[in-house]
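In what follows, a structure is listed as structure tokens, so that the remarks can point back to it.
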Amino acid sequence: MRTVIPDELKIQLRYPARAVGLVGAVAMIISVFLPWSYGHGALDDVGFSGSPSPLQLVFLTLPVLVVVLLGVPLVGKAKLGRWAKTVAWNTTAKTTAIASLGAVVVAMAAIAIELGGLVNIEVGGWVAVAGAVLSAVATIFLPDSPEPTLSRVKTARWVQILAIVLVLAVVLFSAAYALGMSDAGAFLVFAAILTGLVLALRQFGVFGWLGNASANNNRVLVVSAFAVAFAFPFTQNGSNANMSIASQVLIFAATALGLNIVVGLVGLLDLGYIAFLGAGAFTAAILSESAFSTVNFHPPFIVTVLISGTVASILGLIIGAPTLRVSGDYLAIVTLAFGEIFRITMNNLDGTDGPNVTNGSDGIPGIPDLNFFGFDFAQPHVIAGIEIGRFANYYWLMLVVIALIIVVFTNMNHSRIGRGWVAIREDELAAEAMGVNTFTLKLLAFAGGAFLAGVAGSVKAHYDVSVTPDQYVFLESAFLLAAVVLGGMGTVGGVLIGATILKLLPEKLRFFSDYRLLLFGLLMILMMRFRPEGIVADERRQLEFHDEDEELADEIEEELIAHHGHLNPERKGFEL
Amino acid sequence: MNKRIYSLAGVAVLAASLALTGCGARTDAGTGGGSATKVAKIGVIAPMSGGLSAMGLGMKNSVDLAIKQANASNAIPGWKLELAAEDDQATPDVGKNAATKLASDDQVVGVVGTLNSSVAQVVTPVLAAANIVQVSPANTNPTLTKGADPATPKRPYANYFRTCTTDAVQGPFAAQYLLGAGIKKVATIHDKKAYGQGLVEAFTTAFKAGGGEVVAAETINPDDSDFSAVISKVKAAGPAAVYYGGEYPQAGPLSKQMKAAGLKVPLMGGDGIYDGKFIELGGTDGDLATSVGAPVETLDSAKAFVAAYNAGGYAEGYSAYGAYAYDAANAIIASLKTSLASAADAKSARSATVTDMAKVSFEGATGKVGFDEWGDSVSRVLTVYKVDGGKWVAEKTGELK
Amino acid sequence: MVELFFQQLINGLSLGALYALIAVGYTVVYGIVQLINFAHGEIFMIGAFGAFVTWMLLGRPTDWSVATSLLVLLPLMIIGGMVASVATAVATERFAYRPLRNAPRLAPLISAIGVSVFLQEFVRLFFGTIPFVGRIPGWPDAKSAVPFPSIPGISGQTIQLGGVLIQMPAIFTLGALAVSTVFLWYFVNRTKTGRAMVATSQDPDTARLMGINVDRVIVAAFAVGAALAAVAGVAHGLRYGNIDFRMGFLAGLKAFTAAVLGGIGNINGAVVGGLVLGLAEAMATTFIPGQFGSSAWKDVWAFVLLILVLVFRPQGLLGAKVVDRA
């Protein structure tokens, strides 16, 4: 963050600024032990003195971080040695201080709204505000630090692995904690604190280092990420409410990952993707043992999954074959039209306007729970003293499905087919000229993406108990697309983050639900305008969206060499 | 490599359990007050945002009113009732989360909802698994109480009840009225939704049985605004009235377009079109609707409800299903009177509440409230209303035999 | 049967005229910037609401004579609708599309979806309210359908021609299409801006070198499309008697189908495509026998037609200017 304050002034003021900043941070730390509100109904009850609420304890990390960032450099440049320049002390302190101000403001606003007026803020709240303002203003006057070079620091393998596990543990904790919150204001404060921490760590250079660490220990990262995701139900202590949300997030994420192949890798805009999920769900519902099923063929679920996927991908072929030959714009609208055709057709196959296949708008309710060789998904199981309920069972099943999709996705991405896809996305004419069979590859992506959605749909049918046409409207397709765009087209992690945000936020901010779609529309416009590559940027994508930005291009090239340079020894020292 | 991965997985699980201990909340001091009154909650699942929010909020407020009245009169000694309202946004996914949330709350003993039958289909199983009684003021889909096959009815969920009548009652009543008015040739149109289709099917059976003739049977899409194609076909068949199964957002414009296209016959529908908005959107004089119960003006309990609601200071009107929701909440409260009396805590009273529902019987805001062996309302009193001078006017009240 | 045929012919043509008026907007914009303005359906919806607001501001006249209604009220409402839709379209272009002109093609399309959702929700939430102040007394909210005012002389009036009944709103729609087409022809062929538009659509770079302000031409294209969409909005209101915030979605999708049918980028094609699509829909519900002839399938037939055209004649009936520039 650059400020308008002249550098000379900053250098002059660096000691007083540091001192004031420290005072402010200490004030914030003290405030946590004072009551923030008069009543007890605000946030997660912040009206105690000497006994901070869990949220206040989480908040504590920010001012403590400010103290560390401002305090450590006081030992002097000589003692810091190379650490003086490896990490961005001052800039991170500034980011953290501003983030804590943000979190405090959100907290005070929440208290004022929940208890009715600013008068409900107790002395601790005001101390926190004063401290936050003080340290935020003071840190703005600190000289800017140079770009951190932490990413170039070599560390032992075990340190890297430990760091990855630690980060994932924090993610697990935050997810469990955030889901457990019942108070919307507290959730917002927590989100503000978390965002602040992430921004601060990024500023500090930790992300660059972590990126290298995870690139070096890819397999460890994947395995431990799955271990953490697997462990999640154990943190819920048998509560179903959060597991229900978590499994919906996973179903949504699995579908979004399928769409990501089509949109993110091949660059085909599919606006009717929800229809493939619907096709899978309807197929599974019809083949299930539901009393409302309209056919007399009820194969085991494994077979149903394959049939659902196949039906969806056949639909993909039917819709893709004519349209993939023409321009991509047509595809967007034709898929949109196809989504409508699907929904209307499912509505019409009710016995009056067509053969009775889907029971029309009633859909197919009463789909029984899955049962794998005696393992009944409807029944809770007790593992290690913790009750694992119905939703957790589906959660684990979806985890397996997602793992499968991720394996397909990453292998494809790095295969001949995947490179062909990316070539098509970048420049279809050039790809064709280079001998890439564009039509077949596009069709493959389209049908493959549809297959994955069909598989996700078949689980969704059993999980939802009921399948109706009105679950598969255009808006759902738009949401899927938004998850891909928000997270980062062509990335796995990004799409997972995007899907989580889009499903979790509305659940936790229900009081805001009337404005949900308005904000959603605005978010899409702003994302395209300011960060089209998404939260987690695919390297190639980032270049594509910012091709006029040469600085960024150089930066990415440099990073690419830093990452992969050792793979091509003859390219070492290659000047760009 | 492999060994390390396993040990890492172990570390991760360890970290997970650490996180778990971190979740503990601090002891709840200062709140509660320690009084002897125990708390039981009645949930509401209805759309409180989006296009159907007017109806959902009306339901919520009516339940709130019933709870306040019960607390004020100390209907269940030793217990205080509370409202736990959840928005379902009229979507099954969201509705299921709402139901799961309520089911995980040990104090919830009953739920009023949902508005949409499609939401009920996912909400009911969740509540059934937790033995929580559910009373819907608005679901009209017969399968919710009688199962997939109407020929061999089988009740799918014992915890499900409803205070509104199903399509099976309204359709025949409308048929009897039209036959009585000397109309023998009718065209039917429905919107393919569960409610509309059910109405038209029940109507058609009764109308044919009474000697009438259905000269055209058409459907529209629920989100249509252009009905010219349907009207052309219906007009060609020359009916003396049109029976429409669906709700007012389509019925109003349909009536208007019918008359504009020269098909100047009355349009008749069920309680889904019995709303002032129907007339605003194009319903014209002579159009008819059936609605459950006797007219509000003739029923003391209904007048009392309307007066109490208006005195309650709610921002939204009680809307089409407010009175049914009020009755649904009172039915739950009536059942709680016996089930809570001997219960140690709210959760243990859940299954007794379900079984006691069958015995509930009282005069509610919509007429007699009680449930048959399927969980359907026993009320069979209906009223035909007619648009006259831009207003709905009661035309004929009767009981379906 | 013959009567039914002519009745459906009239129904189909007037419905098609509505599609055509909207389709012109897709085609003009696509011809110049190769962007499918996904939010164009919403511009149509806002045009209808603009006309409604004008009527409210005029004091909700219901008892004006036929002559004043047709000569004063209706033109004022159309102009009001145009002001609203053109302003929205130009603002959309400025803030959502122009910054993305050099971005990959996915970006503006996704942005357009955002605009579409945003505009719908904006109307739903804020119609009839002043932000931060509250509801305007007496104004309806747009959360459900809003009754469109009756115009004496048009609403509810019919003409009987043999066994065929023609509604005045249908005649209004066809007439509006005829007048708009003449205006559009004049604008494109006889005005400076119009000819600049043609030049830009043929070769933007050369046009720029010739001193044409391409930015202005693009704004003009959005404005022309929006103005016609507003006319369509009024026609929709008169025809169905109601407007609602969702009406742009399906109408926009159909109109896009019409534009592709006629050959996207080709203005005459949009008009022909609209009429053909309207006819196809009306005839499909009458002459396809059995269950699939039910009117519940009419949207499906329209979209199937779209897919068939893309398979067998991707350049459209009259030939598109641009077929594949992806």
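For the structure tokens, the naming scheme is as follows: chains receive sequential letters (A, B, ...) according to their order of presentation, residues are indexed from 1 within each chain, and ligands are indexed from 1 in presentation order.
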
Can you list every residue of chain C that has an atom at most 8 Å from chain B, with its nearest atom pair and the distance in Å to one decimal, using only C-alpha atoms, ordered by chain then number, as JSON lines?
{"residue": "C:Leu4", "atom": "CA", "partner": "B:Ser232", "partner_atom": "CA", "distance": 7.4}
{"residue": "C:Gln7", "atom": "CA", "partner": "B:Ser232", "partner_atom": "CA", "distance": 7.5}
{"residue": "C:Gln8", "atom": "CA", "partner": "B:Ala229", "partner_atom": "CA", "distance": 7.3}
{"residue": "C:Asn11", "atom": "CA", "partner": "B:Ser228", "partner_atom": "CA", "distance": 6.9}
{"residue": "C:Lys143", "atom": "CA", "partner": "B:Gly51", "partner_atom": "CA", "distance": 5.7}
{"residue": "C:Ser144", "atom": "CA", "partner": "B:Gly51", "partner_atom": "CA", "distance": 6.5}
{"residue": "C:Ala145", "atom": "CA", "partner": "B:Pro249", "partner_atom": "CA", "distance": 7.0}
{"residue": "C:Val146", "atom": "CA", "partner": "B:Leu281", "partner_atom": "CA", "distance": 7.4}
{"residue": "C:Pro147", "atom": "CA", "partner": "B:Leu281", "partner_atom": "CA", "distance": 5.5}
{"residue": "C:Gly156", "atom": "CA", "partner": "B:Ala260", "partner_atom": "CA", "distance": 5.0}
{"residue": "C:Gln157", "atom": "CA", "partner": "B:Ala260", "partner_atom": "CA", "distance": 7.1}
{"residue": "C:Thr158", "atom": "CA", "partner": "B:Ala260", "partner_atom": "CA", "distance": 7.2}
{"residue": "C:Leu165", "atom": "CA", "partner": "B:Ala261", "partner_atom": "CA", "distance": 6.8}
{"residue": "C:Ile166", "atom": "CA", "partner": "B:Ala261", "partner_atom": "CA", "distance": 7.8}
{"residue": "C:Gln167", "atom": "CA", "partner": "B:Ala261", "partner_atom": "CA", "distance": 6.8}
{"residue": "C:Tyr240", "atom": "CA", "partner": "B:Pro253", "partner_atom": "CA", "distance": 6.6}
{"residue": "C:Gly241", "atom": "CA", "partner": "B:Pro253", "partner_atom": "CA", "distance": 6.7}
{"residue": "C:Asn242", "atom": "CA", "partner": "B:Leu281", "partner_atom": "CA", "distance": 6.8}
{"residue": "C:Ala282", "atom": "CA", "partner": "B:Ala229", "partner_atom": "CA", "distance": 6.3}
{"residue": "C:Thr285", "atom": "CA", "partner": "B:Ala229", "partner_atom": "CA", "distance": 6.7}
{"residue": "C:Thr286", "atom": "CA", "partner": "B:Ala229", "partner_atom": "CA", "distance": 7.5}
{"residue": "C:Ser294", "atom": "CA", "partner": "B:Thr219", "partner_atom": "CA", "distance": 7.0}
{"residue": "C:Ser295", "atom": "CA", "partner": "B:Ile220", "partner_atom": "CA", "distance": 6.2}
{"residue": "C:Ala296", "atom": "CA", "partner": "B:Ile220", "partner_atom": "CA", "distance": 5.2}

Show me a table, sorted first by chain and then by increasing residue number, of the residues of chain C having an atom at most 9 Å from chain A, each with its shortest atom pair and the distance in Å to one decimal, counting only C-alpha atoms and written as a tab-separated table.
residue	atom	partner	partner_atom	distance
C:Gln34	CA	A:Asp329	CA	8.8
C:Leu35	CA	A:Asp329	CA	8.0
C:Ile36	CA	A:Asp329	CA	7.0
C:Phe38	CA	A:Ile333	CA	8.8
C:Phe95	CA	A:Arg529	CA	8.8
C:Ala96	CA	A:Ile525	CA	6.3
C:Tyr97	CA	A:Arg529	CA	8.8
C:Pro99	CA	A:Arg529	CA	6.8
C:Leu100	CA	A:Arg529	CA	6.8
C:Ala103	CA	A:Phe545	CA	6.2
C:Pro104	CA	A:Phe545	CA	6.8
C:Arg105	CA	A:Asp329	CA	8.5
C:Leu106	CA	A:Leu269	CA	7.1
C:Ala107	CA	A:Met528	CA	5.8
C:Pro108	CA	A:Met528	CA	7.5
C:Leu109	CA	A:Asp329	CA	8.4
C:Ile110	CA	A:Met524	CA	7.0
C:Ser111	CA	A:Ile525	CA	4.7
C:Ala112	CA	A:Ile525	CA	7.5
C:Ile113	CA	A:Gly521	CA	7.4
C:Gly114	CA	A:Gly521	CA	4.0
C:Val115	CA	A:Gly521	CA	6.0
C:Ser116	CA	A:Gly521	CA	7.4
C:Val117	CA	A:Gly521	CA	5.1
C:Phe118	CA	A:Gly521	CA	4.5
C:Leu119	CA	A:Leu518	CA	8.0
C:Gln120	CA	A:Leu518	CA	8.2
C:Glu121	CA	A:Leu518	CA	5.3
C:Phe122	CA	A:Leu518	CA	6.6
C:Leu125	CA	A:Tyr515	CA	8.0
C:Leu253	CA	A:Ala337	CA	7.3
C:Lys254	CA	A:Ala337	CA	9.0
C:Phe256	CA	A:Ile333	CA	8.2
C:Thr257	CA	A:Ile333	CA	8.6
C:Val260	CA	A:Tyr330	CA	8.6
C:Gly290	CA	A:Asp353	CA	8.4
C:Gln291	CA	A:Asp353	CA	4.7
C:Phe292	CA	A:Asp353	CA	6.2
C:Gly293	CA	A:Asp353	CA	8.2
C:Ser294	CA	A:Asp353	CA	6.3
C:Ser295	CA	A:Asp353	CA	8.9
C:Ala296	CA	A:Asn348	CA	7.0
C:Trp297	CA	A:Ile344	CA	7.4
C:Asp299	CA	A:Ile341	CA	7.5
C:Val300	CA	A:Ile341	CA	5.3
C:Trp301	CA	A:Ile341	CA	8.8
C:Phe303	CA	A:Ala337	CA	6.1
C:Val304	CA	A:Ile341	CA	8.4
C:Leu306	CA	A:Val334	CA	7.7
C:Ile307	CA	A:Val334	CA	7.1
C:Leu308	CA	A:Pro322	CA	8.2
C:Leu310	CA	A:Thr323	CA	6.7
C:Val311	CA	A:Pro322	CA	5.2
C:Phe312	CA	A:Pro322	CA	8.8
C:Pro314	CA	A:Val326	CA	7.4
C:Val323	CA	A:Ser327	CA	7.1
C:Asp324	CA	A:Ser327	CA	4.9
C:Arg325	CA	A:Ser327	CA	6.5
C:Ala326	CA	A:Ser327	CA	5.2

Just asking: which residues within stretch 116-303 of chain B are strand (DSSP E or B) according to DSSP, as a ChimeraX atom specification?
/B:133-136,160-162,185-190,213-219,241-245,267-269,288-292

If the cut-off is 7 Å, can you tell me the residues of chain A near chain B, counting only C-alpha atoms? I'd like them as a PyMOL selection string.
chain A and resi 165+169+172-173+177+220+224+227-228+231+235+239-241+244-245+291-292+361-362+365+464-466+513-514

Any chance you can output those residues with N, CA and C atoms as a PDB file, in the first residue's frame?
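Produced file result.pdb, reproduced below:
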ATOM      1  N   VAL A 165       0.952 -28.485   7.533  1.00  0.00           N
ATOM      2  CA  VAL A 165       0.005 -29.127   8.447  1.00  0.00           C
ATOM      3  C   VAL A 165      -0.593 -28.097   9.386  1.00  0.00           C
ATOM      4  N   ALA A 169      -4.437 -27.170   9.804  1.00  0.00           N
ATOM      5  CA  ALA A 169      -5.105 -27.283  11.098  1.00  0.00           C
ATOM      6  C   ALA A 169      -5.846 -25.994  11.421  1.00  0.00           C
ATOM      7  N   LEU A 172      -8.961 -25.907   9.409  1.00  0.00           N
ATOM      8  CA  LEU A 172      -9.983 -26.777   9.997  1.00  0.00           C
ATOM      9  C   LEU A 172     -10.628 -26.105  11.193  1.00  0.00           C
ATOM     10  N   PHE A 173      -9.771 -25.541  12.047  1.00  0.00           N
ATOM     11  CA  PHE A 173     -10.294 -24.880  13.241  1.00  0.00           C
ATOM     12  C   PHE A 173     -11.221 -23.739  12.851  1.00  0.00           C
ATOM     13  N   TYR A 177     -15.076 -23.439  13.651  1.00  0.00           N
ATOM     14  CA  TYR A 177     -15.473 -22.329  14.509  1.00  0.00           C
ATOM     15  C   TYR A 177     -16.507 -21.462  13.800  1.00  0.00           C
ATOM     16  N   VAL A 220       2.212 -34.337   0.009  1.00  0.00           N
ATOM     17  CA  VAL A 220       1.927 -34.173   1.432  1.00  0.00           C
ATOM     18  C   VAL A 220       0.754 -33.223   1.618  1.00  0.00           C
ATOM     19  N   SER A 224      -2.612 -34.375   3.383  1.00  0.00           N
ATOM     20  CA  SER A 224      -3.027 -33.819   4.680  1.00  0.00           C
ATOM     21  C   SER A 224      -4.268 -32.964   4.532  1.00  0.00           C
ATOM     22  N   ALA A 227      -6.873 -35.398   4.811  1.00  0.00           N
ATOM     23  CA  ALA A 227      -6.985 -35.864   6.193  1.00  0.00           C
ATOM     24  C   ALA A 227      -7.773 -34.856   7.020  1.00  0.00           C
ATOM     25  N   VAL A 228      -7.455 -33.581   6.812  1.00  0.00           N
ATOM     26  CA  VAL A 228      -8.149 -32.537   7.576  1.00  0.00           C
ATOM     27  C   VAL A 228      -9.622 -32.519   7.216  1.00  0.00           C
ATOM     28  N   ALA A 231     -11.341 -35.264   8.767  1.00  0.00           N
ATOM     29  CA  ALA A 231     -11.485 -35.131  10.215  1.00  0.00           C
ATOM     30  C   ALA A 231     -12.582 -34.148  10.594  1.00  0.00           C
ATOM     31  N   THR A 235     -15.152 -32.682  14.507  1.00  0.00           N
ATOM     32  CA  THR A 235     -15.179 -31.440  15.274  1.00  0.00           C
ATOM     33  C   THR A 235     -16.603 -30.998  15.559  1.00  0.00           C
ATOM     34  N   SER A 239     -23.411 -32.809  15.754  1.00  0.00           N
ATOM     35  CA  SER A 239     -24.405 -31.831  15.299  1.00  0.00           C
ATOM     36  C   SER A 239     -24.634 -31.996  13.808  1.00  0.00           C
ATOM     37  N   ASN A 240     -25.905 -32.034  13.432  1.00  0.00           N
ATOM     38  CA  ASN A 240     -26.224 -32.229  12.033  1.00  0.00           C
ATOM     39  C   ASN A 240     -26.265 -30.942  11.242  1.00  0.00           C
ATOM     40  N   ALA A 241     -26.624 -29.845  11.918  1.00  0.00           N
ATOM     41  CA  ALA A 241     -26.898 -28.609  11.195  1.00  0.00           C
ATOM     42  C   ALA A 241     -25.699 -28.196  10.341  1.00  0.00           C
ATOM     43  N   SER A 244     -24.813 -30.658   7.455  1.00  0.00           N
ATOM     44  CA  SER A 244     -25.713 -30.509   6.317  1.00  0.00           C
ATOM     45  C   SER A 244     -25.195 -29.411   5.386  1.00  0.00           C
ATOM     46  N   ILE A 245     -24.789 -28.291   5.972  1.00  0.00           N
ATOM     47  CA  ILE A 245     -24.235 -27.207   5.158  1.00  0.00           C
ATOM     48  C   ILE A 245     -22.941 -27.662   4.497  1.00  0.00           C
ATOM     49  N   ALA A 291     -40.755 -44.800  -4.013  1.00  0.00           N
ATOM     50  CA  ALA A 291     -42.089 -45.249  -4.399  1.00  0.00           C
ATOM     51  C   ALA A 291     -42.615 -44.443  -5.585  1.00  0.00           C
ATOM     52  N   PHE A 292     -42.002 -43.292  -5.843  1.00  0.00           N
ATOM     53  CA  PHE A 292     -42.464 -42.427  -6.917  1.00  0.00           C
ATOM     54  C   PHE A 292     -41.705 -42.681  -8.217  1.00  0.00           C
ATOM     55  N   SER A 361     -43.813 -31.281 -12.039  1.00  0.00           N
ATOM     56  CA  SER A 361     -43.222 -30.369 -11.065  1.00  0.00           C
ATOM     57  C   SER A 361     -43.187 -30.970  -9.667  1.00  0.00           C
ATOM     58  N   ASP A 362     -43.931 -32.047  -9.427  1.00  0.00           N
ATOM     59  CA  ASP A 362     -43.829 -32.704  -8.118  1.00  0.00           C
ATOM     60  C   ASP A 362     -42.463 -33.332  -7.925  1.00  0.00           C
ATOM     61  N   PRO A 365     -40.033 -37.527  -4.955  1.00  0.00           N
ATOM     62  CA  PRO A 365     -39.651 -37.464  -3.539  1.00  0.00           C
ATOM     63  C   PRO A 365     -39.429 -38.867  -2.977  1.00  0.00           C
ATOM     64  N   ASP A 464     -30.571 -35.352  -1.021  1.00  0.00           N
ATOM     65  CA  ASP A 464     -31.703 -34.420  -0.928  1.00  0.00           C
ATOM     66  C   ASP A 464     -33.027 -35.100  -0.633  1.00  0.00           C
ATOM     67  N   VAL A 465     -33.121 -36.406  -0.827  1.00  0.00           N
ATOM     68  CA  VAL A 465     -34.350 -37.171  -0.646  1.00  0.00           C
ATOM     69  C   VAL A 465     -35.362 -36.908  -1.765  1.00  0.00           C
ATOM     70  N   SER A 466     -35.358 -35.691  -2.316  1.00  0.00           N
ATOM     71  CA  SER A 466     -36.363 -35.367  -3.308  1.00  0.00           C
ATOM     72  C   SER A 466     -35.714 -34.607  -4.463  1.00  0.00           C
ATOM     73  N   SER A 513     -30.504 -12.047   3.435  1.00  0.00           N
ATOM     74  CA  SER A 513     -30.749 -12.878   2.255  1.00  0.00           C
ATOM     75  C   SER A 513     -31.515 -12.159   1.163  1.00  0.00           C
ATOM     76  N   ASP A 514     -32.291 -11.131   1.509  1.00  0.00           N
ATOM     77  CA  ASP A 514     -33.041 -10.451   0.463  1.00  0.00           C
ATOM     78  C   ASP A 514     -32.110  -9.731  -0.506  1.00  0.00           C
TER      79      ASP A 514
END

Give me every helix (DSSP H, G or I) residue in stretch 273-498 of chain A, going by DSSP on the backbone, as number ranges by chain.
A: 274-287, 301-323, 328-348, 360-362, 390-413, 416-426, 428-433, 438-464, 469-471, 474-487, 492-498

Give me the residues near B:Asn61 as a list in words, where near means some atom within 9 Å (using only C-alpha atoms) and where sequence neighbours in that chain fewer than 3 positions away do not count.
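Close residues of B:Asn61: Gly56, Leu57, Gly58, Asp64, Leu65, Ala66, Tyr309, Gly312, Tyr314, Glu316, Gly317, Tyr318, Gly322, Ala325 and Tyr326 of chain B.
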
Where does stretch 118-230 of chain B meet stretch 288-306 of chain B within 8 Å, residue by residue, with the nearest atom pair and distance in Å to one decimal for each, counting only C-alpha atoms, listed by chain and rising number, as CSV?
residue,atom,partner,partner_atom,distance
B:Cys164,CA,B:Val292,CA,7.5
B:Thr165,CA,B:Val292,CA,7.0
B:Gln170,CA,B:Thr290,CA,6.7
B:Phe173,CA,B:Thr290,CA,7.8
B:Ala174,CA,B:Thr290,CA,6.6

Residues just named, written with N, CA and C atoms as a PDB file, in the first residue's frame:
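Once everything was written out, this is part20.pdb:
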ATOM      1  N   CYS B 164     -54.653 -26.942   6.080  1.00  0.00           N
ATOM      2  CA  CYS B 164     -55.359 -26.565   4.860  1.00  0.00           C
ATOM      3  C   CYS B 164     -55.961 -27.826   4.257  1.00  0.00           C
ATOM      4  N   THR B 165     -56.958 -27.655   3.430  1.00  0.00           N
ATOM      5  CA  THR B 165     -57.524 -28.835   2.782  1.00  0.00           C
ATOM      6  C   THR B 165     -56.722 -29.155   1.540  1.00  0.00           C
ATOM      7  N   GLN B 170     -61.339 -29.212  -2.588  1.00  0.00           N
ATOM      8  CA  GLN B 170     -61.739 -27.976  -3.269  1.00  0.00           C
ATOM      9  C   GLN B 170     -62.257 -28.212  -4.670  1.00  0.00           C
ATOM     10  N   PHE B 173     -65.857 -29.457  -4.841  1.00  0.00           N
ATOM     11  CA  PHE B 173     -66.791 -28.419  -4.393  1.00  0.00           C
ATOM     12  C   PHE B 173     -67.062 -27.435  -5.524  1.00  0.00           C
ATOM     13  N   ALA B 174     -65.993 -27.058  -6.236  1.00  0.00           N
ATOM     14  CA  ALA B 174     -66.145 -26.149  -7.367  1.00  0.00           C
ATOM     15  C   ALA B 174     -67.000 -26.797  -8.449  1.00  0.00           C
TER      16      ALA B 174
END

Find the residues near B:Ser335: any atom within 9 Å, counting only C-alpha atoms, skip ones fewer than 3 places away on the same chain, and give them as a list in words.
Asn330, Ala331, Ile332, Thr338, Ser339, Leu340, Ala352, Thr353, Val354, Thr355, Asp356, Met357, Ala358, Lys359 and Val360 of chain B

Given the selection you just returned, output its residues as a file containing C-alpha atoms, formatted as a compact mmCIF listing (two decimals), in the first residue's frame.
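Output (out-v6.txt):
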# COMPACT_ATOMS: atom_id res chain seq x y z
CA ASN B 330 -52.66 -23.61 18.10
CA ALA B 331 -52.99 -27.26 17.13
CA ILE B 332 -49.39 -27.83 18.22
CA THR B 338 -50.84 -32.97 27.27
CA SER B 339 -47.40 -33.98 26.03
CA LEU B 340 -45.43 -31.34 27.95
CA ALA B 352 -45.81 -37.71 22.59
CA THR B 353 -46.61 -34.46 20.78
CA VAL B 354 -46.86 -36.35 17.51
CA THR B 355 -49.20 -38.99 18.88
CA ASP B 356 -51.34 -36.45 20.75
CA MET B 357 -51.89 -34.45 17.55
CA ALA B 358 -54.50 -36.98 16.42
CA LYS B 359 -56.74 -36.04 19.36
CA VAL B 360 -56.62 -32.29 18.76

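Closest approach to C:Gly262 among C:Gly41, C:Gly25, C:Gly237, C:Gly319: C:Gly319, based on only C-alpha atoms.
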
With only C-alpha atoms as the counted atoms, please give the residues lying no more than 8 Å from B:Thr114, apart from itself and same-chain residues fewer than 2 positions off, as a PyMOL selection string.
chain B and resi 44-46+112+116-117+119-120+136-139

Could you give me, as an MDAnalysis selection string, the residues within 10 Å of A:Leu65, counting only C-alpha atoms and dropping anything in the same chain fewer than 5 positions from it?
chainID A and resid 25 60 70:71 92:93 96:97 197 200

If we count only C-alpha atoms and set the cut-off at 8 Å, which residues sit around stretch 175-181 of chain B, ignoring sequence neighbours fewer than 5 positions away in its own chain? Please answer as a PyMOL selection string.
chain B and resi 203-204+206-207+210+212+384

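Straight-line separation from atom CA of A:Val189 to atom CA of A:Ala107: 5.6 Å.
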
Determine the nearest neighbour of C:Gly273 from the options C:Ala176, C:Ala223, C:Val2, C:Leu21, counting only C-alpha atoms.
C:Leu21
